[in-house]
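Novice: The file below is my_file.cif, mmCIF, C-alpha atoms:
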data_my_file
loop_
_atom_site.label_atom_id
_atom_site.label_comp_id
_atom_site.auth_asym_id
_atom_site.auth_seq_id
_atom_site.Cartn_x
_atom_site.Cartn_y
_atom_site.Cartn_z
CA MET G 55 0.00 0.00 0.00
CA SER G 56 1.66 3.21 -1.11
CA ASP G 57 1.26 6.77 0.14
CA GLN G 58 -0.28 7.50 -3.25
CA ASP G 59 -3.04 4.97 -2.59
CA THR G 60 -3.73 6.58 0.79
CA HIS G 61 -3.85 9.95 -0.96
CA LEU G 62 -6.35 8.69 -3.53
CA VAL G 63 -8.68 7.23 -0.89
CA LEU G 64 -8.77 10.42 1.17
CA GLU G 65 -8.92 12.63 -1.91
CA ARG G 66 -12.06 10.83 -3.06
CA LEU G 67 -13.80 10.60 0.31
CA LEU G 68 -13.03 14.22 1.22
CA ARG G 69 -13.82 15.32 -2.35
CA LEU G 70 -10.53 17.21 -2.42
CA ARG G 71 -10.53 17.44 -6.20
CA ASP G 72 -13.43 19.86 -5.82
CA ARG G 73 -11.26 22.22 -3.78
CA ARG G 74 -9.73 25.09 -5.70
CA GLU G 75 -7.15 25.76 -2.98
CA PRO G 76 -4.45 23.04 -3.16
CA LEU G 77 -3.07 24.01 0.26
CA VAL G 78 -6.43 23.48 1.95
CA ALA G 79 -6.61 20.03 0.38
CA GLN G 80 -3.04 19.23 1.47
CA ILE G 81 -3.71 20.23 5.08
CA ALA G 82 -7.02 18.36 5.21
CA GLU G 83 -5.38 15.23 3.83
CA TRP G 84 -2.46 15.38 6.31
CA VAL G 85 -4.70 15.91 9.33
CA GLY G 86 -7.26 13.37 8.07
CA ALA G 87 -4.63 10.67 7.60
CA GLY G 88 -3.22 11.42 11.04
CA ILE G 89 -6.64 11.00 12.64
CA VAL G 90 -7.44 7.80 10.75
CA GLU G 91 -4.08 6.18 11.47
CA GLY G 92 -4.10 7.19 15.13
CA ARG G 93 -1.21 9.66 15.14
CA LEU G 94 -3.75 12.27 16.20
CA GLN G 95 -5.82 10.88 19.06
CA PRO G 96 -9.55 11.44 19.81
CA GLY G 97 -9.94 14.56 21.91
CA GLN G 98 -6.47 15.87 21.02
CA ASP G 99 -6.22 19.61 20.38
CA LEU G 100 -5.38 20.73 16.85
CA ASN G 101 -3.22 23.83 17.20
CA SER G 102 -3.91 26.14 14.25
CA VAL G 103 -0.67 28.06 14.86
CA GLU G 104 1.44 24.90 14.77
CA LEU G 105 -0.34 23.70 11.63
CA SER G 106 0.22 27.09 10.01
CA ARG G 107 3.94 26.79 10.71
CA ARG G 108 4.08 23.22 9.45
CA PHE G 109 2.54 24.21 6.11
CA ASP G 110 4.14 27.68 6.00
CA THR G 111 0.83 29.46 5.57
CA SER G 112 -1.62 31.74 7.33
CA ARG G 113 -4.30 30.36 9.65
CA THR G 114 -7.04 30.83 7.05
CA PRO G 115 -6.27 27.71 4.95
CA VAL G 116 -5.81 25.73 8.18
CA ARG G 117 -9.23 26.78 9.44
CA GLU G 118 -10.84 25.94 6.10
CA ALA G 119 -9.23 22.49 6.14
CA LEU G 120 -10.39 21.82 9.69
CA MET G 121 -13.91 23.00 8.83
CA LEU G 122 -13.91 20.52 5.95
CA LEU G 123 -12.93 17.72 8.33
CA GLU G 124 -15.58 18.88 10.80
CA GLN G 125 -18.24 18.38 8.12
CA GLU G 126 -17.08 14.77 7.80
CA GLY G 127 -17.18 14.11 11.54
CA LEU G 128 -13.41 13.88 12.06
CA VAL G 129 -12.89 17.22 13.84
CA GLU G 130 -14.87 19.15 16.47
CA MET G 131 -14.85 22.96 16.42
CA LYS G 132 -16.56 24.86 19.22
CA ALA G 133 -16.66 28.56 20.06
CA ARG G 134 -13.80 29.82 22.22
CA ARG G 135 -12.09 26.43 22.17
CA ARG G 136 -9.32 24.98 20.07
CA PRO G 137 -10.37 22.59 17.33
CA ARG G 138 -9.83 18.99 18.37
CA VAL G 139 -10.01 15.48 17.00
CA ALA G 140 -13.57 14.17 17.25
CA ALA G 141 -14.19 11.64 20.00
CA PRO G 142 -17.42 9.78 19.22
CA SER G 143 -19.29 8.29 22.16
CA LEU G 144 -19.58 4.53 22.56
CA THR G 145 -23.28 4.83 21.74
CA ASP G 146 -22.46 6.62 18.48
CA ILE G 147 -19.89 3.96 17.63
CA LYS G 148 -22.35 1.14 18.23
CA ASP G 149 -24.97 2.90 16.09
CA ILE G 150 -22.48 3.35 13.25
CA TYR G 151 -21.45 -0.31 13.33
CA GLN G 152 -25.06 -1.47 13.48
CA VAL G 153 -25.81 0.38 10.24
CA ARG G 154 -22.52 -0.68 8.70
CA ARG G 155 -23.19 -4.36 9.46
CA GLN G 156 -26.48 -4.23 7.58
CA LEU G 157 -25.00 -2.40 4.60
CA LEU G 158 -22.03 -4.76 4.31
CA SER G 159 -24.33 -7.79 4.53
CA MET G 160 -26.23 -6.40 1.56
CA LEU G 161 -22.94 -5.76 -0.24
CA ALA G 162 -21.76 -9.33 0.24
CA GLY G 163 -25.05 -10.78 -1.03
CA LEU G 164 -24.93 -8.61 -4.13
CA LEU G 165 -21.28 -9.46 -4.69
CA VAL G 166 -22.16 -13.15 -4.89
CA GLN G 167 -24.84 -12.38 -7.46
CA ARG G 168 -22.95 -9.93 -9.65
CA ALA G 169 -19.21 -10.62 -9.53
CA THR G 170 -17.71 -12.50 -12.43
CA ASP G 171 -15.25 -15.33 -11.84
CA ALA G 172 -12.45 -13.06 -13.05
CA GLU G 173 -13.45 -10.35 -10.57
CA LEU G 174 -13.50 -12.84 -7.71
CA THR G 175 -10.04 -14.00 -8.74
CA GLU G 176 -8.90 -10.38 -8.56
CA LEU G 177 -10.36 -10.05 -5.06
CA ARG G 178 -8.64 -13.25 -3.93
CA THR G 179 -5.33 -11.90 -5.21
CA ARG G 180 -5.85 -8.78 -3.14
CA VAL G 181 -6.58 -10.86 -0.03
CA GLU G 182 -3.47 -12.98 -0.60
CA ALA G 183 -1.41 -9.78 -0.61
CA MET G 184 -3.18 -8.72 2.59
CA ARG G 185 -2.16 -12.03 4.19
CA GLU G 186 1.48 -11.09 3.64
CA LEU G 187 0.91 -7.68 5.24
CA ALA G 188 -0.84 -9.30 8.21
CA ASP G 189 2.03 -11.76 8.65
CA ALA G 190 4.43 -8.80 8.62
CA ALA G 191 2.28 -7.03 11.27
CA ASP G 192 2.06 -3.95 9.02
CA VAL G 193 -1.14 -2.43 10.44
CA ASP G 194 -1.23 0.71 8.28
CA ALA G 195 -0.56 -1.06 4.98
CA TYR G 196 -3.04 -3.83 5.82
CA PHE G 197 -5.67 -1.29 6.84
CA TRP G 198 -5.50 0.74 3.63
CA SER G 199 -5.44 -2.47 1.56
CA HIS G 200 -8.61 -3.54 3.36
CA VAL G 201 -10.21 -0.16 2.61
CA LEU G 202 -9.37 -0.55 -1.08
CA LEU G 203 -10.65 -4.14 -1.08
CA GLN G 204 -14.08 -3.05 0.12
CA GLU G 205 -14.09 -0.11 -2.29
CA ARG G 206 -13.40 -2.53 -5.13
CA MET G 207 -16.25 -4.74 -3.94
CA THR G 208 -18.67 -1.80 -4.12
CA GLU G 209 -17.44 -1.00 -7.63
CA ILE G 210 -18.03 -4.58 -8.74
CA VAL G 211 -21.54 -4.65 -7.25
CA GLY G 212 -22.38 -1.44 -9.09
CA ASN G 213 -25.18 -0.29 -6.76
CA THR G 214 -24.70 3.48 -6.78
CA THR G 215 -27.06 4.13 -3.87
CA LEU G 216 -25.35 1.55 -1.66
CA LYS G 217 -21.96 2.99 -2.53
CA GLN G 218 -23.07 6.53 -1.69
CA ILE G 219 -24.38 5.47 1.71
CA LEU G 220 -21.22 3.52 2.52
CA ASP G 221 -19.13 6.50 1.43
CA SER G 222 -21.14 8.80 3.69
CA LEU G 223 -20.13 6.61 6.65
CA ALA G 224 -16.62 5.89 5.44
CA LEU G 225 -14.69 8.74 7.03
CA ARG G 226 -16.51 8.32 10.34
CA THR G 227 -15.59 4.64 10.41
CA LEU G 228 -12.01 4.71 9.07
CA MET G 229 -10.54 5.81 12.41
CA LEU G 230 -12.53 3.08 14.20
CA ARG G 231 -11.60 0.42 11.66
CA HIS G 232 -7.91 1.27 12.03
CA LEU G 233 -8.25 1.23 15.83
CA SER G 234 -9.78 -2.24 15.77
CA LEU G 235 -6.80 -3.60 13.84
CA THR G 236 -4.32 -2.41 16.49
CA ARG G 237 -5.62 -4.97 18.99
CA PRO G 238 -3.33 -8.00 19.52
CA GLY G 239 -4.17 -10.78 17.06
CA ARG G 240 -6.69 -8.72 15.09
CA LEU G 241 -4.77 -8.71 11.82
CA ALA G 242 -4.77 -12.52 11.69
CA TYR G 243 -8.50 -12.69 12.54
CA SER G 244 -9.30 -10.02 9.96
CA VAL G 245 -7.48 -11.65 7.06
CA ASP G 246 -9.02 -15.03 7.97
CA ASP G 247 -12.43 -13.34 7.72
CA GLN G 248 -11.57 -11.95 4.28
CA GLU G 249 -10.42 -15.34 3.00
CA ARG G 250 -13.61 -17.05 4.23
CA LEU G 251 -15.69 -14.30 2.61
CA ILE G 252 -14.01 -14.72 -0.77
CA GLN G 253 -14.44 -18.49 -0.57
CA ALA G 254 -18.16 -18.10 0.12
CA CYS G 255 -18.42 -15.76 -2.88
CA GLU G 256 -16.58 -18.26 -5.08
CA GLU G 257 -19.02 -20.94 -3.96
CA ARG G 258 -21.89 -18.52 -4.79
CA ASP G 259 -23.31 -18.80 -1.29
CA GLY G 260 -24.85 -15.39 -0.71
CA GLU G 261 -26.39 -16.24 2.67
CA LEU G 262 -23.04 -17.41 4.04
CA ALA G 263 -21.17 -14.44 2.58
CA SER G 264 -23.61 -12.02 4.22
CA ALA G 265 -23.32 -13.83 7.57
CA LEU G 266 -19.53 -13.86 7.40
CA ILE G 267 -19.15 -10.15 6.73
CA ALA G 268 -21.72 -9.36 9.43
CA GLY G 269 -19.79 -11.47 11.91
CA ALA G 270 -16.53 -9.78 10.96
CA THR G 271 -18.13 -6.38 11.56
CA VAL G 272 -19.36 -7.44 15.00
CA ARG G 273 -15.86 -8.65 15.92
CA ALA G 274 -14.38 -5.36 14.73
CA LEU G 275 -16.81 -3.45 16.96
CA ARG G 276 -15.88 -5.64 19.91
CA ALA G 277 -12.19 -4.87 19.33
CA VAL G 278 -12.95 -1.13 19.24
CA GLU G 279 -14.91 -1.37 22.49
CA GLU G 280 -12.07 -3.26 24.18
CA GLN G 281 -9.48 -0.73 23.03
CA ILE G 282 -11.58 2.21 24.19
CA GLU G 283 -12.12 0.58 27.57
CA GLN G 284 -8.39 -0.05 27.89
CA ASP G 285 -7.54 3.55 27.01
CA THR G 286 -10.23 5.19 29.17
CA PRO G 287 -8.87 6.57 32.47
CA GLY G 288 -10.59 5.01 35.46
CA SER G 289 -11.70 1.87 33.62
CA GLY G 290 -10.81 -1.49 35.10
CA LYS G 291 -8.47 -2.42 32.25
CA ALA G 292 -6.79 0.97 32.29
CA ALA G 293 -6.23 0.71 36.03
CA ARG G 294 -4.79 -2.80 35.70
CA LYS G 295 -2.55 -1.60 32.87
CA ARG G 296 -1.21 1.24 35.08
CA ARG G 297 -0.61 -1.12 38.02
CA SER G 298 1.34 -3.55 35.82
CA ALA G 299 3.56 -0.66 34.64
CA ASP G 300 4.33 0.44 38.24
#
For the structure just supplied, provide its representation as structure tokens.

Specialist:
Amino acid sequence: MSDQDTHLVLERLLRLRDRREPLVAQIAEWVGAGIVEGRLQPGQDLNSVELSRRFDTSRTPVREALMLLEQEGLVEMKARRRPRVAAPSLTDIKDIYQVRRQLLSMLAGLLVQRATDAELTELRTRVEAMRELADAADVDAYFWSHVLLQERMTEIVGNTTLKQILDSLALRTLMLRHLSLTRPGRLAYSVDDQERLIQACEERDGELASALIAGATVRALRAVEEQIEQDTPGSGKAARKRRSAD
């Protein structure tokens, strides 16, 4: 997975090609990638002055970029407070994954119906490459490869409405999807899920394919919940983690 591929994903989802100001697009992409990949943490302040210095510009393009990310649910901007990385509540996260599970189940069923044998072979080749990334414990490269895999599935299915709805949720879920893959053992579980899904599609078993992708989505949500609990001050896991470090 190259930086160019990451750029193309964010450029499309943020509709950066529609922006006339290249610097605004550049800032939005840098901050967006940082949020998705976890370099910028939920609740972390986004210092406009520091960003202005990083990109050698005034604060106006920075503010426009952050407003763009706010529209997509990645940044929070409130009066008399610094902009910060959005921190969705656990209830919001569960709601997002509930909707996503249903949409992906529909996607898998349609994929079984509409994908040609050649297209399924292409998808299997992608998953085989993801297996190598999982074995190498390359979370970022695996994550973006997984994003592109699902984007390719939506292209193959060809349901424009379904694709638009998935895209509308995409940026809100990318950070969570990346977070789920940082849990110990998650890469191996994830790539196993992808291999089973492709096999079900090759066997033209739409019911099984839908069940498999739904199950994978539930496991991803569980991993997100566990990571949030671990990282939340005052939680049992966080307290145990601190005691073990003392």

Novice: Give me the residues within 7 Å of stretch 255-257 of chain G as a list in words, counting all atoms listed in the file and dropping any in the same chain fewer than 3 places off.

Specialist: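 Final neighbour list, sorted by chain and number: Val166, Leu174, Leu251, Ile252, Gly260 and Ala263 of chain G.
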
Novice: In Å, with one decimal, what is the gap from atom CA of G:Ser102 to atom CA of G:Arg69?

Specialist: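 A separation of 22.2 Å between them.
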
Novice: Return the single residue from G:Arg231, G:Arg155, G:Arg206, G:Arg240 that is closest to G:Ala268, with distances computed using only C-alpha atoms.

Specialist: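 Distance minimum relative to G:Ala268 lands on G:Arg155.
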
Novice: Starting from the shown file, work through the PyMOL selection byres ((chain G and resi 142) around 12) and note down what comes out as a ChimeraX atom specification.

Specialist: /G:95-97,127-130,138-141,143-150,226-227,229-230,278-279,282

Novice: Using all atoms listed in the file, which residue out of G:Ala190, G:Gln167, G:Val245, G:Arg276 lies closest to G:Ser264?

Specialist: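 Between G:Ala190, G:Gln167, G:Val245, G:Arg276, the residue approaching G:Ser264 most closely is G:Gln167.
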
Novice: Show me, as a PyMOL selection string, the residues that have an atom within 12 Å of G:Asp221 when counting only C-alpha atoms, minus same-chain residues fewer than 4 positions from it.

Specialist: chain G and resi 63-64+66-69+126+154+157-158+201+204-205+208-209+214-217+225-228

Novice: Would you write out those residues with C-alpha atoms, as a PDB file, keeping the file's coordinate frame?

Specialist:
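Output (out.pdb):
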ATOM      1  CA  VAL G  63      -8.680   7.230  -0.890  1.00  0.00           C
ATOM      2  CA  LEU G  64      -8.770  10.420   1.170  1.00  0.00           C
ATOM      3  CA  ARG G  66     -12.060  10.830  -3.060  1.00  0.00           C
ATOM      4  CA  LEU G  67     -13.800  10.600   0.310  1.00  0.00           C
ATOM      5  CA  LEU G  68     -13.030  14.220   1.220  1.00  0.00           C
ATOM      6  CA  ARG G  69     -13.820  15.320  -2.350  1.00  0.00           C
ATOM      7  CA  GLU G 126     -17.080  14.770   7.800  1.00  0.00           C
ATOM      8  CA  ARG G 154     -22.520  -0.680   8.700  1.00  0.00           C
ATOM      9  CA  LEU G 157     -25.000  -2.400   4.600  1.00  0.00           C
ATOM     10  CA  LEU G 158     -22.030  -4.760   4.310  1.00  0.00           C
ATOM     11  CA  VAL G 201     -10.210  -0.160   2.610  1.00  0.00           C
ATOM     12  CA  GLN G 204     -14.080  -3.050   0.120  1.00  0.00           C
ATOM     13  CA  GLU G 205     -14.090  -0.110  -2.290  1.00  0.00           C
ATOM     14  CA  THR G 208     -18.670  -1.800  -4.120  1.00  0.00           C
ATOM     15  CA  GLU G 209     -17.440  -1.000  -7.630  1.00  0.00           C
ATOM     16  CA  THR G 214     -24.700   3.480  -6.780  1.00  0.00           C
ATOM     17  CA  THR G 215     -27.060   4.130  -3.870  1.00  0.00           C
ATOM     18  CA  LEU G 216     -25.350   1.550  -1.660  1.00  0.00           C
ATOM     19  CA  LYS G 217     -21.960   2.990  -2.530  1.00  0.00           C
ATOM     20  CA  LEU G 225     -14.690   8.740   7.030  1.00  0.00           C
ATOM     21  CA  ARG G 226     -16.510   8.320  10.340  1.00  0.00           C
ATOM     22  CA  THR G 227     -15.590   4.640  10.410  1.00  0.00           C
ATOM     23  CA  LEU G 228     -12.010   4.710   9.070  1.00  0.00           C
TER      24      LEU G 228
END

Novice: Give me, as a list in words, all polymer residues having an atom no more than 7 Å from stretch 79-88 of chain G, counting all atoms listed in the file and skipping those fewer than 6 positions away in the same chain.

Specialist: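 Here the answer would be Leu64, Leu70, Arg73, Leu94, Val116, Ala119, Leu120 and Leu123 of chain G.
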
Novice: Nearest to G:Ala270 among G:Arg178, G:Ser159, G:Ser199, G:Arg93, with distances taken over all atoms listed in the file: which residue is it?

Specialist: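 Going through G:Arg178, G:Ser159, G:Ser199, G:Arg93 one by one, the smallest distance to G:Ala270 is for G:Ser159.
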
Novice: Neighbours of G:Thr111 within 12 Å (only C-alpha atoms; same-chain residues fewer than 3 positions away dropped), as a PyMOL selection string?

Specialist: chain G and resi 77-78+80-81+102-108+114-117

Novice: So how many Å separate atom CA of G:Ile89 and atom CA of G:Glu182, to one decimal?

Specialist: 27.6 Å

Novice: Expressed in Å to a single decimal, how great is the separation between atom CA of G:Gln98 and atom CA of G:Ser244?

Specialist: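 About the pair atom CA of G:Gln98 and atom CA of G:Ser244: they are 28.3 Å apart.
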
Novice: Show me the residues close to (-5.2, -16.7, 7.2) - anything with an atom within 12 Å, counting all atoms listed in the file - and format the list as a PyMOL selection string.

Specialist: chain G and resi 181-189+239-251

Novice: Using the chain letters and numbers from this file, what does the PyMOL selection byres ((chain G and resi 100) around 6) select? Give the answer as an NGL selection string.

Specialist: :G and (99 or 101 or 137-138)

Novice: Using only C-alpha atoms, which residues sit within 8 Å of G:Tyr151 once same-chain residues fewer than 5 positions away are excluded, as number ranges by chain?

Specialist: G: 271-272, 275

Novice: May I have the selected residues written with C-alpha atoms, as a short mmCIF file (atom, residue, chain, number, x, y, z; two decimals), in the coordinates of the input?

Specialist:
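Generated file (again-v7.cif):
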data_model
loop_
_atom_site.label_atom_id
_atom_site.label_comp_id
_atom_site.auth_asym_id
_atom_site.auth_seq_id
_atom_site.Cartn_x
_atom_site.Cartn_y
_atom_site.Cartn_z
CA THR G 271 -18.13 -6.38 11.56
CA VAL G 272 -19.36 -7.44 15.00
CA LEU G 275 -16.81 -3.45 16.96
#

Novice: Between G:Leu233, G:Leu177, G:Met207, G:Met121, single out the one closest to G:Leu220, counting only C-alpha atoms.

Specialist: G:Met207

Novice: Can you work out which one of G:Gln125, G:Glu261, G:Glu118, G:His232 has the shortest atom-to-atom distance to G:Arg74, counting only C-alpha atoms?

Specialist: G:Glu118

Novice: Select, from G:Asp59, G:Asp259, G:Glu280, G:Asp110, the residue with the minimum atom-to-atom distance to G:Leu165, counting only C-alpha atoms.

Specialist: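 The closest residue to G:Leu165 is G:Asp259.
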
Novice: Can you rebuild stretch 215-249 of chain G with N, CA and C atoms and give it as a PDB file, in the coordinates of the input?

Specialist:
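Writing the result to part-v9.pdb gives the following:
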ATOM      1  N   THR G 215     -26.476   3.674  -5.124  1.00  0.00           N
ATOM      2  CA  THR G 215     -27.060   4.130  -3.870  1.00  0.00           C
ATOM      3  C   THR G 215     -26.331   3.521  -2.673  1.00  0.00           C
ATOM      4  N   LEU G 216     -26.075   2.224  -2.737  1.00  0.00           N
ATOM      5  CA  LEU G 216     -25.350   1.550  -1.660  1.00  0.00           C
ATOM      6  C   LEU G 216     -23.968   2.151  -1.482  1.00  0.00           C
ATOM      7  N   LYS G 217     -23.299   2.409  -2.595  1.00  0.00           N
ATOM      8  CA  LYS G 217     -21.960   2.990  -2.530  1.00  0.00           C
ATOM      9  C   LYS G 217     -21.986   4.380  -1.899  1.00  0.00           C
ATOM     10  N   GLN G 218     -22.969   5.178  -2.250  1.00  0.00           N
ATOM     11  CA  GLN G 218     -23.070   6.530  -1.690  1.00  0.00           C
ATOM     12  C   GLN G 218     -23.297   6.492  -0.186  1.00  0.00           C
ATOM     13  N   ILE G 219     -24.126   5.569   0.271  1.00  0.00           N
ATOM     14  CA  ILE G 219     -24.380   5.470   1.710  1.00  0.00           C
ATOM     15  C   ILE G 219     -23.137   4.986   2.443  1.00  0.00           C
ATOM     16  N   LEU G 220     -22.452   3.994   1.894  1.00  0.00           N
ATOM     17  CA  LEU G 220     -21.220   3.520   2.520  1.00  0.00           C
ATOM     18  C   LEU G 220     -20.163   4.620   2.546  1.00  0.00           C
ATOM     19  N   ASP G 221     -20.085   5.392   1.461  1.00  0.00           N
ATOM     20  CA  ASP G 221     -19.130   6.500   1.430  1.00  0.00           C
ATOM     21  C   ASP G 221     -19.457   7.550   2.481  1.00  0.00           C
ATOM     22  N   SER G 222     -20.750   7.782   2.713  1.00  0.00           N
ATOM     23  CA  SER G 222     -21.140   8.800   3.690  1.00  0.00           C
ATOM     24  C   SER G 222     -20.715   8.400   5.101  1.00  0.00           C
ATOM     25  N   LEU G 223     -20.579   7.101   5.346  1.00  0.00           N
ATOM     26  CA  LEU G 223     -20.130   6.610   6.650  1.00  0.00           C
ATOM     27  C   LEU G 223     -18.624   6.382   6.695  1.00  0.00           C
ATOM     28  N   ALA G 224     -18.000   6.364   5.535  1.00  0.00           N
ATOM     29  CA  ALA G 224     -16.620   5.890   5.440  1.00  0.00           C
ATOM     30  C   ALA G 224     -15.664   6.643   6.344  1.00  0.00           C
ATOM     31  N   LEU G 225     -15.652   7.973   6.254  1.00  0.00           N
ATOM     32  CA  LEU G 225     -14.690   8.740   7.030  1.00  0.00           C
ATOM     33  C   LEU G 225     -14.940   8.621   8.522  1.00  0.00           C
ATOM     34  N   ARG G 226     -16.194   8.481   8.920  1.00  0.00           N
ATOM     35  CA  ARG G 226     -16.510   8.320  10.340  1.00  0.00           C
ATOM     36  C   ARG G 226     -16.069   6.958  10.858  1.00  0.00           C
ATOM     37  N   THR G 227     -15.952   5.986   9.963  1.00  0.00           N
ATOM     38  CA  THR G 227     -15.590   4.640  10.410  1.00  0.00           C
ATOM     39  C   THR G 227     -14.110   4.320  10.208  1.00  0.00           C
ATOM     40  N   LEU G 228     -13.404   5.066   9.356  1.00  0.00           N
ATOM     41  CA  LEU G 228     -12.010   4.710   9.070  1.00  0.00           C
ATOM     42  C   LEU G 228     -11.165   4.710  10.335  1.00  0.00           C
ATOM     43  N   MET G 229     -11.305   5.738  11.169  1.00  0.00           N
ATOM     44  CA  MET G 229     -10.540   5.810  12.410  1.00  0.00           C
ATOM     45  C   MET G 229     -10.840   4.594  13.286  1.00  0.00           C
ATOM     46  N   LEU G 230     -12.119   4.213  13.364  1.00  0.00           N
ATOM     47  CA  LEU G 230     -12.530   3.080  14.200  1.00  0.00           C
ATOM     48  C   LEU G 230     -12.023   1.771  13.620  1.00  0.00           C
ATOM     49  N   ARG G 231     -12.080   1.645  12.304  1.00  0.00           N
ATOM     50  CA  ARG G 231     -11.600   0.420  11.660  1.00  0.00           C
ATOM     51  C   ARG G 231     -10.102   0.240  11.878  1.00  0.00           C
ATOM     52  N   HIS G 232      -9.350   1.344  11.787  1.00  0.00           N
ATOM     53  CA  HIS G 232      -7.910   1.270  12.030  1.00  0.00           C
ATOM     54  C   HIS G 232      -7.658   0.905  13.493  1.00  0.00           C
ATOM     55  N   LEU G 233      -8.412   1.513  14.408  1.00  0.00           N
ATOM     56  CA  LEU G 233      -8.250   1.230  15.830  1.00  0.00           C
ATOM     57  C   LEU G 233      -8.477  -0.243  16.133  1.00  0.00           C
ATOM     58  N   SER G 234      -9.483  -0.834  15.506  1.00  0.00           N
ATOM     59  CA  SER G 234      -9.780  -2.240  15.770  1.00  0.00           C
ATOM     60  C   SER G 234      -8.630  -3.152  15.370  1.00  0.00           C
ATOM     61  N   LEU G 235      -7.894  -2.757  14.338  1.00  0.00           N
ATOM     62  CA  LEU G 235      -6.800  -3.600  13.840  1.00  0.00           C
ATOM     63  C   LEU G 235      -5.543  -3.497  14.697  1.00  0.00           C
ATOM     64  N   THR G 236      -5.497  -2.539  15.620  1.00  0.00           N
ATOM     65  CA  THR G 236      -4.320  -2.410  16.490  1.00  0.00           C
ATOM     66  C   THR G 236      -4.381  -3.375  17.667  1.00  0.00           C
ATOM     67  N   ARG G 237      -5.507  -4.024  17.887  1.00  0.00           N
ATOM     68  CA  ARG G 237      -5.620  -4.970  18.990  1.00  0.00           C
ATOM     69  C   ARG G 237      -4.775  -6.214  18.701  1.00  0.00           C
ATOM     70  N   PRO G 238      -4.155  -6.801  19.723  1.00  0.00           N
ATOM     71  CA  PRO G 238      -3.330  -8.000  19.520  1.00  0.00           C
ATOM     72  C   PRO G 238      -4.123  -9.117  18.832  1.00  0.00           C
ATOM     73  N   GLY G 239      -3.553  -9.671  17.769  1.00  0.00           N
ATOM     74  CA  GLY G 239      -4.170 -10.780  17.060  1.00  0.00           C
ATOM     75  C   GLY G 239      -5.216 -10.404  16.040  1.00  0.00           C
ATOM     76  N   ARG G 240      -5.587  -9.109  15.961  1.00  0.00           N
ATOM     77  CA  ARG G 240      -6.690  -8.720  15.090  1.00  0.00           C
ATOM     78  C   ARG G 240      -6.357  -8.851  13.611  1.00  0.00           C
ATOM     79  N   LEU G 241      -5.114  -8.599  13.239  1.00  0.00           N
ATOM     80  CA  LEU G 241      -4.770  -8.710  11.820  1.00  0.00           C
ATOM     81  C   LEU G 241      -5.013 -10.132  11.317  1.00  0.00           C
ATOM     82  N   ALA G 242      -4.596 -11.117  12.103  1.00  0.00           N
ATOM     83  CA  ALA G 242      -4.770 -12.520  11.690  1.00  0.00           C
ATOM     84  C   ALA G 242      -6.260 -12.856  11.593  1.00  0.00           C
ATOM     85  N   TYR G 243      -7.060 -12.426  12.588  1.00  0.00           N
ATOM     86  CA  TYR G 243      -8.500 -12.690  12.540  1.00  0.00           C
ATOM     87  C   TYR G 243      -9.128 -12.020  11.321  1.00  0.00           C
ATOM     88  N   SER G 244      -8.714 -10.787  11.051  1.00  0.00           N
ATOM     89  CA  SER G 244      -9.300 -10.020   9.960  1.00  0.00           C
ATOM     90  C   SER G 244      -9.038 -10.683   8.606  1.00  0.00           C
ATOM     91  N   VAL G 245      -7.790 -11.059   8.369  1.00  0.00           N
ATOM     92  CA  VAL G 245      -7.480 -11.650   7.060  1.00  0.00           C
ATOM     93  C   VAL G 245      -8.128 -13.023   6.921  1.00  0.00           C
ATOM     94  N   ASP G 246      -8.272 -13.764   8.024  1.00  0.00           N
ATOM     95  CA  ASP G 246      -9.020 -15.030   7.970  1.00  0.00           C
ATOM     96  C   ASP G 246     -10.465 -14.767   7.540  1.00  0.00           C
ATOM     97  N   ASP G 247     -11.061 -13.706   8.093  1.00  0.00           N
ATOM     98  CA  ASP G 247     -12.430 -13.340   7.720  1.00  0.00           C
ATOM     99  C   ASP G 247     -12.532 -13.035   6.228  1.00  0.00           C
ATOM    100  N   GLN G 248     -11.535 -12.310   5.699  1.00  0.00           N
ATOM    101  CA  GLN G 248     -11.570 -11.950   4.280  1.00  0.00           C
ATOM    102  C   GLN G 248     -11.443 -13.189   3.392  1.00  0.00           C
ATOM    103  N   GLU G 249     -10.600 -14.122   3.798  1.00  0.00           N
ATOM    104  CA  GLU G 249     -10.420 -15.340   3.000  1.00  0.00           C
ATOM    105  C   GLU G 249     -11.697 -16.185   2.996  1.00  0.00           C
TER     106      GLU G 249
END
